Amino acid sequence: MRHNLPLPWKRLEIELALPPLYRLSAAECRHCQEALPLFISDELAGLAVDELYRETAVHLDICPFCLAEYEELSRLATAAFYSSKQ
Amino acid sequence: MGPGNKPGRNLDKPDGHRLLFSDRAFSYKRRKEVKKHIVTAFNSFDLPTCTYLTAQYLCAQQWELADPLALAAEIYQALAGQTLAGEAAVEAIHTQIWQRYAERLHHACRQPGPAEYERAWQEMGHFLWQQSPQLACPAGEREDVVQDALAHLQNHLRQNSLKAPRTFFVFALQALRNKAIDQERKRTAVFRGGGQNPLSWEAIKEAAVAERATVTSVTARGFGERRVEKAVSDREVRAKLKAFFQQHLGSEQQLLVAELYFLDGLELKEIAGLMGKRPYEIRLVKARIVQTLRSLTAEEQQMLLELLGEDEIGNR
């Protein structure tokens, strides 16, 4: 029921409250990058990855290093599996 | 896979028609025509069409470790409950194919001995080779990059299996990309006249993050956990937030995504559908919006937080 859901901008409030970039540890980035193949595979399959892998989704919002990795890998995967040659 | 079902031979379609899958019969141009025709006419999701698309995709990728008929039947069963049509249906089938095939390939790559093992690594090598032109590395180095990536995959699979084998192809692409970056670093180090043992890409990333951690910065603002509980008087807040976004976001696209995601509550996948883009492209836009808003001055951030908390105050 719609009235039981939080307001959409609650999402933004959460994003703003996340720790700053310099507080991220190497282990968090490593964990995120290890999770990327699963995250991207499931995102391409249309699964709700923001809920399934919340930690990774949130990390991508605040870490430009991992976001760049995600971008490049998503681009490669999209071209590999959905290009017009198929 | 039965001998009669191999790509390059005739394949019986379940409804009795025969489909040709030789490379000549399925030239690139012909495949495009057929795909266009299927997408246009694909208003109902049925097994023959699913079989046709499956066999066509396997043939285009030169994947021979799965029986097209059996795979199509699995996919048809998996997707039968969904309302699919047109381009979305074709894409859903393609996703099912490569993910299910990745599981088979992962299994075959971990079973040394049988002929399937050789074939599996050959197919993985071919797949990586096909993707290598997309990497930023000179043509002369692509073979080395692919070989390094294959060696990395073999070592990894010898020690561990993937927790989710359906990710095998994307995992392999990640290895390929990392090896291309390593290669690039080696080349740059040689060009600069040094760097006999350049760090690997993983080591660089860790070093960069560690360096970031040492930077002293302003203490993070303790925003606490605010709760926005009721969507009763949200119209005014929404209008103010929209005006705030208009003032601070750089492009029309960012503004649209911010509005759809943060004000209308749509999911990234839905926004991608509306804008005719891939979900990952929308995620990138959204991440940049978040980064922009997080990098505002303390005063501007405070203003934004007050807007976000307005209805909460109003509801107390």
# chains A, B, ... in the order shown; residues from 1 in each chain; ligands from 1
$ residues_around --residues "range 75-80 of chain B" --least-positions-apart "4" --cutoff "10 Å" --atoms "only C-alpha atoms" --output "ChimeraX atom specification"
/B:45-51,54,69-71,84,89,92-97,100
$ write_last_selection --atoms "N, CA and C atoms" --output "compact mmCIF listing (two decimals), in the first residue's frame"
# COMPACT_ATOMS: atom_id res chain seq x y z
N PHE B 45 4.62 -15.29 -27.22
CA PHE B 45 5.83 -16.01 -26.82
C PHE B 45 5.55 -17.50 -26.95
N ASP B 46 6.17 -18.14 -27.94
CA ASP B 46 5.91 -19.57 -28.10
C ASP B 46 7.23 -20.34 -28.21
N LEU B 47 7.12 -21.66 -28.06
CA LEU B 47 8.32 -22.50 -28.03
C LEU B 47 9.10 -22.48 -29.35
N PRO B 48 8.43 -22.58 -30.50
CA PRO B 48 9.20 -22.56 -31.76
C PRO B 48 10.04 -21.29 -31.92
N THR B 49 9.47 -20.14 -31.58
CA THR B 49 10.23 -18.90 -31.71
C THR B 49 11.39 -18.87 -30.73
N CYS B 50 11.11 -19.36 -29.52
CA CYS B 50 12.15 -19.42 -28.49
C CYS B 50 13.30 -20.33 -28.97
N THR B 51 12.93 -21.45 -29.58
CA THR B 51 13.94 -22.39 -30.09
C THR B 51 14.75 -21.74 -31.21
N THR B 54 17.11 -19.18 -29.76
CA THR B 54 18.17 -19.83 -28.99
C THR B 54 19.24 -20.38 -29.93
N LEU B 69 17.84 -27.32 -28.57
CA LEU B 69 16.44 -27.68 -28.28
C LEU B 69 16.20 -27.78 -26.78
N ALA B 70 17.14 -28.45 -26.10
CA ALA B 70 16.98 -28.62 -24.65
C ALA B 70 17.07 -27.27 -23.94
N LEU B 71 18.03 -26.45 -24.37
CA LEU B 71 18.20 -25.14 -23.74
C LEU B 71 16.97 -24.26 -23.98
N LEU B 84 5.66 -11.39 -22.26
CA LEU B 84 6.79 -10.86 -23.02
C LEU B 84 6.40 -10.68 -24.48
N ALA B 89 11.17 -9.35 -25.25
CA ALA B 89 11.14 -10.81 -25.22
C ALA B 89 12.44 -11.38 -25.77
N ALA B 92 15.11 -10.87 -23.22
CA ALA B 92 14.95 -11.79 -22.07
C ALA B 92 15.46 -13.18 -22.44
N ILE B 93 15.20 -13.60 -23.65
CA ILE B 93 15.68 -14.92 -24.10
C ILE B 93 17.20 -14.91 -24.20
N HIS B 94 17.75 -13.85 -24.75
CA HIS B 94 19.22 -13.77 -24.86
C HIS B 94 19.88 -13.81 -23.48
N THR B 95 19.28 -13.11 -22.53
CA THR B 95 19.85 -13.12 -21.18
C THR B 95 19.81 -14.53 -20.59
N GLN B 96 18.68 -15.20 -20.79
CA GLN B 96 18.57 -16.58 -20.29
C GLN B 96 19.64 -17.47 -20.94
N ILE B 97 19.86 -17.26 -22.23
CA ILE B 97 20.82 -18.12 -22.95
C ILE B 97 22.22 -17.93 -22.37
N ARG B 100 22.57 -19.19 -18.71
CA ARG B 100 22.52 -20.65 -18.58
C ARG B 100 23.75 -21.29 -19.25
$ closest_residue --among "B:Leu128, B:Ala60, B:Leu260, B:Leu157" --to "chain A" --atoms "only C-alpha atoms"
B:Ala60
$ interface_residues --of "chain A" --to "chain B" --cutoff "7 Å" --atoms "only C-alpha atoms" --output "MDAnalysis selection string"
chainID A and resid 3 6:13 15:17 20 22:23 25:26 37:38 41 45 61:62 73:74 77 80 85:86
$ write_last_selection --atoms "C-alpha atoms" --output "PDB file, in the first residue's frame"
ATOM      1  CA  HIS A   3       0.805   5.188   2.119  1.00  0.00           C
ATOM      2  CA  PRO A   6       8.558   5.911   2.788  1.00  0.00           C
ATOM      3  CA  LEU A   7       8.662   9.026   0.650  1.00  0.00           C
ATOM      4  CA  PRO A   8      10.898   8.641  -2.405  1.00  0.00           C
ATOM      5  CA  TRP A   9      13.295  11.364  -1.266  1.00  0.00           C
ATOM      6  CA  LYS A  10      14.071   9.334   1.825  1.00  0.00           C
ATOM      7  CA  ARG A  11      16.506   7.636  -0.553  1.00  0.00           C
ATOM      8  CA  LEU A  12      18.385  10.872  -1.022  1.00  0.00           C
ATOM      9  CA  GLU A  13      18.559  11.502   2.682  1.00  0.00           C
ATOM     10  CA  GLU A  15      22.647   8.743   0.303  1.00  0.00           C
ATOM     11  CA  LEU A  16      23.679  12.051   1.855  1.00  0.00           C
ATOM     12  CA  ALA A  17      24.236  10.421   5.213  1.00  0.00           C
ATOM     13  CA  PRO A  20      32.549  10.318   2.859  1.00  0.00           C
ATOM     14  CA  TYR A  22      37.963   8.980   2.349  1.00  0.00           C
ATOM     15  CA  ARG A  23      36.380   6.812   4.999  1.00  0.00           C
ATOM     16  CA  SER A  25      38.479   1.089   3.250  1.00  0.00           C
ATOM     17  CA  ALA A  26      40.409  -0.893   0.660  1.00  0.00           C
ATOM     18  CA  PRO A  37      30.147  -9.802 -11.864  1.00  0.00           C
ATOM     19  CA  LEU A  38      27.142 -11.009  -9.886  1.00  0.00           C
ATOM     20  CA  SER A  41      24.813 -10.304 -14.392  1.00  0.00           C
ATOM     21  CA  ALA A  45      18.714 -10.198 -16.038  1.00  0.00           C
ATOM     22  CA  ASP A  61      27.015   5.708  -5.440  1.00  0.00           C
ATOM     23  CA  ILE A  62      29.859   7.031  -3.358  1.00  0.00           C
ATOM     24  CA  LEU A  73      32.295  -3.843 -17.181  1.00  0.00           C
ATOM     25  CA  SER A  74      28.621  -3.140 -17.872  1.00  0.00           C
ATOM     26  CA  ALA A  77      28.953  -7.112 -21.051  1.00  0.00           C
ATOM     27  CA  ALA A  80      29.159  -8.912 -25.686  1.00  0.00           C
ATOM     28  CA  LYS A  85      25.565  -9.651 -34.334  1.00  0.00           C
ATOM     29  CA  GLN A  86      23.200 -11.860 -32.332  1.00  0.00           C
TER      30      GLN A  86
END
$ select_by_dssp --residues "chain A" --states "helix (DSSP H, G or I)" --output "PyMOL selection string"
chain A and resi 2-4+10-16+21-23+26-44+49-52+54-62+64-82
$ write_last_selection --atoms "C-alpha atoms" --output "compact mmCIF listing (two decimals), in the first residue's frame"
# COMPACT_ATOMS: atom_id res chain seq x y z
CA ARG A 2 1.41 3.26 -1.13
CA HIS A 3 0.80 5.19 2.12
CA ASN A 4 2.94 2.69 4.06
CA LYS A 10 14.07 9.33 1.83
CA ARG A 11 16.51 7.64 -0.55
CA LEU A 12 18.39 10.87 -1.02
CA GLU A 13 18.56 11.50 2.68
CA ILE A 14 20.19 8.09 3.12
CA GLU A 15 22.65 8.74 0.30
CA LEU A 16 23.68 12.05 1.85
CA LEU A 21 34.82 8.76 0.27
CA TYR A 22 37.96 8.98 2.35
CA ARG A 23 36.38 6.81 5.00
CA ALA A 26 40.41 -0.89 0.66
CA ALA A 27 38.53 -3.96 1.82
CA GLU A 28 35.18 -2.32 0.96
CA CYS A 29 36.35 -1.54 -2.58
CA ARG A 30 37.76 -5.04 -3.00
CA HIS A 31 34.51 -6.53 -1.76
CA CYS A 32 32.52 -4.33 -4.16
CA GLN A 33 34.67 -5.26 -7.14
CA GLU A 34 34.45 -8.95 -6.34
CA ALA A 35 30.68 -8.55 -6.23
CA LEU A 36 30.45 -6.73 -9.57
CA PRO A 37 30.15 -9.80 -11.86
CA LEU A 38 27.14 -11.01 -9.89
CA PHE A 39 25.68 -7.52 -9.58
CA ILE A 40 25.99 -6.85 -13.31
CA SER A 41 24.81 -10.30 -14.39
CA ASP A 42 21.70 -9.99 -12.25
CA GLU A 43 21.08 -6.40 -13.27
CA LEU A 44 21.19 -7.45 -16.93
CA VAL A 49 19.85 -5.55 -7.57
CA ASP A 50 19.44 -2.43 -5.44
CA GLU A 51 17.55 -4.54 -2.94
CA LEU A 52 19.39 -7.83 -3.44
CA ARG A 54 22.24 -3.15 -1.30
CA GLU A 55 25.81 -2.84 -0.03
CA THR A 56 27.25 -2.89 -3.55
CA ALA A 57 24.60 -0.51 -4.91
CA VAL A 58 25.30 2.00 -2.14
CA HIS A 59 29.06 1.68 -2.52
CA LEU A 60 28.80 2.46 -6.24
CA ASP A 61 27.02 5.71 -5.44
CA ILE A 62 29.86 7.03 -3.36
CA PRO A 64 34.03 6.83 -8.25
CA PHE A 65 36.76 4.17 -8.59
CA CYS A 66 34.32 1.28 -8.31
CA LEU A 67 31.72 3.17 -10.37
CA ALA A 68 34.22 3.46 -13.23
CA GLU A 69 34.88 -0.27 -13.00
CA TYR A 70 31.14 -0.95 -12.99
CA GLU A 71 30.63 1.32 -16.01
CA GLU A 72 33.33 -0.32 -18.07
CA LEU A 73 32.30 -3.84 -17.18
CA SER A 74 28.62 -3.14 -17.87
CA ARG A 75 29.53 -1.64 -21.22
CA LEU A 76 31.64 -4.67 -22.14
CA ALA A 77 28.95 -7.11 -21.05
CA THR A 78 26.19 -5.28 -22.89
CA ALA A 79 28.23 -5.25 -26.08
CA ALA A 80 29.16 -8.91 -25.69
CA PHE A 81 25.65 -10.22 -25.10
CA TYR A 82 23.30 -7.82 -26.84
$ atom_distance --atom1 "CA of Tyr101 in chain B" --atom2 "CA of Ala272 in chain B"
26.3 Å
$ residues_around --residues "Pro112 in chain B" --least-positions-apart "4" --cutoff "12 Å" --atoms "only C-alpha atoms" --output "list in words"
His106, His107, Ala108, Glu116, Tyr117, Glu118, Arg119, Ala120, Trp121, Gln154, Leu157 and Arg158 of chain B
$ decode --residues "range 24-46 of chain A" --atoms "N, CA and C atoms" --output "PDB file, in the first residue's frame"
ATOM      1  N   LEU A  24      36.143   5.214   3.175  1.00  0.00           N
ATOM      2  CA  LEU A  24      35.999   3.857   2.641  1.00  0.00           C
ATOM      3  C   LEU A  24      37.325   3.122   2.758  1.00  0.00           C
ATOM      4  N   SER A  25      37.241   1.860   3.110  1.00  0.00           N
ATOM      5  CA  SER A  25      38.479   1.089   3.250  1.00  0.00           C
ATOM      6  C   SER A  25      38.779   0.335   1.955  1.00  0.00           C
ATOM      7  N   ALA A  26      40.022  -0.095   1.829  1.00  0.00           N
ATOM      8  CA  ALA A  26      40.409  -0.893   0.660  1.00  0.00           C
ATOM      9  C   ALA A  26      39.581  -2.170   0.606  1.00  0.00           C
ATOM     10  N   ALA A  27      39.294  -2.708   1.766  1.00  0.00           N
ATOM     11  CA  ALA A  27      38.527  -3.955   1.820  1.00  0.00           C
ATOM     12  C   ALA A  27      37.121  -3.754   1.240  1.00  0.00           C
ATOM     13  N   GLU A  28      36.533  -2.580   1.490  1.00  0.00           N
ATOM     14  CA  GLU A  28      35.185  -2.322   0.962  1.00  0.00           C
ATOM     15  C   GLU A  28      35.206  -2.271  -0.568  1.00  0.00           C
ATOM     16  N   CYS A  29      36.240  -1.606  -1.107  1.00  0.00           N
ATOM     17  CA  CYS A  29      36.348  -1.538  -2.576  1.00  0.00           C
ATOM     18  C   CYS A  29      36.604  -2.928  -3.163  1.00  0.00           C
ATOM     19  N   ARG A  30      37.465  -3.687  -2.504  1.00  0.00           N
ATOM     20  CA  ARG A  30      37.758  -5.038  -3.003  1.00  0.00           C
ATOM     21  C   ARG A  30      36.486  -5.891  -2.987  1.00  0.00           C
ATOM     22  N   HIS A  31      35.754  -5.766  -1.902  1.00  0.00           N
ATOM     23  CA  HIS A  31      34.512  -6.526  -1.760  1.00  0.00           C
ATOM     24  C   HIS A  31      33.529  -6.127  -2.866  1.00  0.00           C
ATOM     25  N   CYS A  32      33.436  -4.826  -3.128  1.00  0.00           N
ATOM     26  CA  CYS A  32      32.519  -4.325  -4.163  1.00  0.00           C
ATOM     27  C   CYS A  32      32.925  -4.879  -5.532  1.00  0.00           C
ATOM     28  N   GLN A  33      34.222  -4.833  -5.810  1.00  0.00           N
ATOM     29  CA  GLN A  33      34.665  -5.262  -7.144  1.00  0.00           C
ATOM     30  C   GLN A  33      34.536  -6.766  -7.332  1.00  0.00           C
ATOM     31  N   GLU A  34      34.685  -7.496  -6.250  1.00  0.00           N
ATOM     32  CA  GLU A  34      34.448  -8.946  -6.342  1.00  0.00           C
ATOM     33  C   GLU A  34      32.968  -9.233  -6.596  1.00  0.00           C
ATOM     34  N   ALA A  35      32.132  -8.338  -6.090  1.00  0.00           N
ATOM     35  CA  ALA A  35      30.684  -8.553  -6.232  1.00  0.00           C
ATOM     36  C   ALA A  35      30.156  -8.082  -7.593  1.00  0.00           C
ATOM     37  N   LEU A  36      30.965  -7.329  -8.331  1.00  0.00           N
ATOM     38  CA  LEU A  36      30.453  -6.733  -9.570  1.00  0.00           C
ATOM     39  C   LEU A  36      29.957  -7.749 -10.617  1.00  0.00           C
ATOM     40  N   PRO A  37      30.676  -8.866 -10.854  1.00  0.00           N
ATOM     41  CA  PRO A  37      30.147  -9.802 -11.864  1.00  0.00           C
ATOM     42  C   PRO A  37      28.728 -10.280 -11.538  1.00  0.00           C
ATOM     43  N   LEU A  38      28.482 -10.558 -10.271  1.00  0.00           N
ATOM     44  CA  LEU A  38      27.142 -11.009  -9.886  1.00  0.00           C
ATOM     45  C   LEU A  38      26.140  -9.859 -10.007  1.00  0.00           C
ATOM     46  N   PHE A  39      26.555  -8.702  -9.543  1.00  0.00           N
ATOM     47  CA  PHE A  39      25.682  -7.517  -9.577  1.00  0.00           C
ATOM     48  C   PHE A  39      25.282  -7.202 -11.023  1.00  0.00           C
ATOM     49  N   ILE A  40      26.267  -7.210 -11.905  1.00  0.00           N
ATOM     50  CA  ILE A  40      25.993  -6.846 -13.307  1.00  0.00           C
ATOM     51  C   ILE A  40      25.193  -7.943 -14.012  1.00  0.00           C
ATOM     52  N   SER A  41      25.562  -9.201 -13.763  1.00  0.00           N
ATOM     53  CA  SER A  41      24.813 -10.304 -14.392  1.00  0.00           C
ATOM     54  C   SER A  41      23.343 -10.236 -13.998  1.00  0.00           C
ATOM     55  N   ASP A  42      23.095 -10.017 -12.712  1.00  0.00           N
ATOM     56  CA  ASP A  42      21.705  -9.991 -12.252  1.00  0.00           C
ATOM     57  C   ASP A  42      20.984  -8.718 -12.693  1.00  0.00           C
ATOM     58  N   GLU A  43      21.721  -7.637 -12.785  1.00  0.00           N
ATOM     59  CA  GLU A  43      21.083  -6.401 -13.271  1.00  0.00           C
ATOM     60  C   GLU A  43      20.670  -6.573 -14.738  1.00  0.00           C
ATOM     61  N   LEU A  44      21.531  -7.206 -15.525  1.00  0.00           N
ATOM     62  CA  LEU A  44      21.185  -7.450 -16.929  1.00  0.00           C
ATOM     63  C   LEU A  44      19.997  -8.406 -17.038  1.00  0.00           C
ATOM     64  N   ALA A  45      19.848  -9.264 -16.026  1.00  0.00           N
ATOM     65  CA  ALA A  45      18.714 -10.198 -16.038  1.00  0.00           C
ATOM     66  C   ALA A  45      17.446  -9.541 -15.503  1.00  0.00           C
ATOM     67  N   GLY A  46      17.533  -8.269 -15.150  1.00  0.00           N
ATOM     68  CA  GLY A  46      16.338  -7.546 -14.717  1.00  0.00           C
ATOM     69  C   GLY A  46      15.986  -7.733 -13.250  1.00  0.00           C
TER      70      GLY A  46
END
